[in-house]
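Reading through the structure tokens given below for one structure.
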Amino acid sequence: MRQSRKLSPRNGGVKPKEMRIISDSSEMQTLANRIRETDLLIGFVPTMGYLHEGHGSLIRGARQQSDIVVLSIFVNPTQFGPAEDLDKYPRDMERDKEIAREAGTDYIFYPEARDIYTSEFQTYVNVEKITKSHCGVSRPTHFRGVATVCTKLFNIVLPHWAFFGQKDYQQCAVIRRMVKDLNMNLEIIVLPTVREADGLAMSSRNVYLTPEERKQATCLYESLQLAKNMVRAGRTDARTILMAMREHIKRKPLASIDYVSIADTDTLQELETIRTEAVALLAVYFGKTRLIDNEILRVM
């Protein structure tokens with residue numbers, strides 16, 4: 001990663017002494033243009049809030065590489081299906097501000113839904129093939145919402161880099177595809193999944209889990225490590241590995257499998273044989289809470 005440059009007097013006051021919160025899209029875009037005019041580099045971390053250490057790691061990654069760090073907090077309604085948890089999605093702005101400040105955020109972009117989606121709004125971004133499998137099966141409108149809001153956020157914040165976590169692997173693949181296909185002038189940087197001490201991937205939705213569901217949810221990480229160890233031991237037949245993963249998860253009575261898959265790391269097409277590397281992806285319900293996780297599998 002490049003080292004941040006020392007800010008010069010010509011920065012035009014775009015580096016705030018204290019973290020600032022901006023709610024208006026036009027104000028944020030005007031500021032972003034001013035930042036770019038001073039040749040400073042913007043690192044952007046898009047989130048839906050209820051921040052945790054996983055988000056903190058993305059902010060610190062952006063801080064290390066960028067002159068100005070912008071974090072967005074926006075619970076995007078277009079990526080939730082009609083039966084999903086939009087209204088119940090956890091929110092804690094005071095906590096978010098503290099985590100963002102400590103990790104090194106310069107600006108929080110905190111728009112309202114009516115600012116992002118006006119009453120006349122009618123344009124959506126739809127990424128094709130890569131959105132039709134895995135999470136796209138049980139959440140058919142999800143990635144259209146993700147691609148649309150990221151396009152809007154990129155156009156407002158004008159970042160040089162946008163930082164995402166590997167936990168949302170399919171989302172990262174979709175956004176990378178979109179950025180490449182539409183010749184967007186930024187780079188997508190994916191940082192490693194941040195985990196709890198017992199291996200569970202950090203997620204804002206973990207708060208929904210009951211104590212027993214939380215205890216059993218460690219089977220996700222365990223099944224991914226099982227797959228990783230099988231590949232390291234020379235097993236490359238995807239069907240055999242998937243059977244072992246499913247059997248491990250099914251031992252937990254509160255777990256209900258949505259999907260378990262071994263796929264190409266770029267296209268997400270499912271594989272029969274792992275030749276060099278692949279990604280193991282899974283989505284599992286614990287009660288009403290749907291958790292996702294993944295692991296890169298490399299043939300030794």
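Residues in the structure tokens are named by chain (A, B, ... in the order shown) and by number from 1 within that chain; ligands are numbered from 1 in the order shown.
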
**Prompt:** Per DSSP on the backbone, what are the alpha helix (DSSP H) residues of stretch 26-252 of chain A, as a PyMOL selection string?
**Reply:** chain A and resi 26-37+53-65+93-103+113-116+135-138+142-157+169-181+211-216+219-232+238-250

**Item:** Contacts of stretch 153-164 of chain A at 7 Å (only C-alpha atoms; same-chain gap of 2+ positions) as a ChimeraX atom specification
**Value:** /A:25,28-29,32,41-45,58,62,149-151,166,172,186-191

**Request:** Go ahead and compute the interatomic distance for atom CA of A:Ile73 and atom CA of A:Thr47, in Å to one decimal.
**Result:**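 Computing it gives 5.2 Å between the two atoms.
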
**Request:** Report the distance between atom CA of A:Gln122 and atom CA of A:Lys88 in Å, rounded to one decimal place.
**Result:**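 Atom-to-atom, atom CA of A:Gln122 to atom CA of A:Lys88, that is 25.9 Å.
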
**Item:** A:Gly287 environment, 10 Å, only C-alpha atoms, sequence neighbours closer than 3 positions dropped, as a VMD selection string
**Value:** chain A and resid 208 to 210 213 254 to 256 284 290

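Each of A:Arg139, A:Thr78, A:Ser223, A:Ala103 was checked against A:Thr123 using only C-alpha atoms; the smallest atom-to-atom distance is that of A:Thr78.
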
**Message:** Applying 9 Å and only C-alpha atoms, which residues near A:His52 remain after dropping the ones on its own chain fewer than 5 positions away? List them as a ChimeraX atom specification.
**Reply:** /A:57,96,99,202-204

Give me a file of those residues, with N, CA and C atoms, as a PDB file, in the first residue's frame.
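See result.pdb below for the written result:
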ATOM      1  N   SER A  57     -11.559  -2.306  10.622  1.00  0.00           N
ATOM      2  CA  SER A  57     -10.391  -2.723   9.850  1.00  0.00           C
ATOM      3  C   SER A  57     -10.406  -2.111   8.453  1.00  0.00           C
ATOM      4  N   ASP A  96     -21.666   4.216  16.239  1.00  0.00           N
ATOM      5  CA  ASP A  96     -21.008   4.265  14.939  1.00  0.00           C
ATOM      6  C   ASP A  96     -20.035   5.440  14.856  1.00  0.00           C
ATOM      7  N   ILE A  99     -16.804   4.618  16.827  1.00  0.00           N
ATOM      8  CA  ILE A  99     -15.942   3.654  16.135  1.00  0.00           C
ATOM      9  C   ILE A  99     -15.294   4.303  14.922  1.00  0.00           C
ATOM     10  N   MET A 202     -17.520 -11.561  11.850  1.00  0.00           N
ATOM     11  CA  MET A 202     -18.235 -10.418  12.419  1.00  0.00           C
ATOM     12  C   MET A 202     -19.281  -9.923  11.431  1.00  0.00           C
ATOM     13  N   SER A 203     -20.477  -9.681  11.935  1.00  0.00           N
ATOM     14  CA  SER A 203     -21.587  -9.228  11.108  1.00  0.00           C
ATOM     15  C   SER A 203     -22.554  -8.444  11.982  1.00  0.00           C
ATOM     16  N   SER A 204     -23.148  -7.404  11.414  1.00  0.00           N
ATOM     17  CA  SER A 204     -24.153  -6.637  12.149  1.00  0.00           C
ATOM     18  C   SER A 204     -25.337  -7.510  12.533  1.00  0.00           C
TER      19      SER A 204
END

**Asked** With only C-alpha atoms as the basis for distance, which of A:Ile292, A:Leu226, A:Met178, A:Met184 is at the shortest distance from A:Val146?
**Response** A:Met178
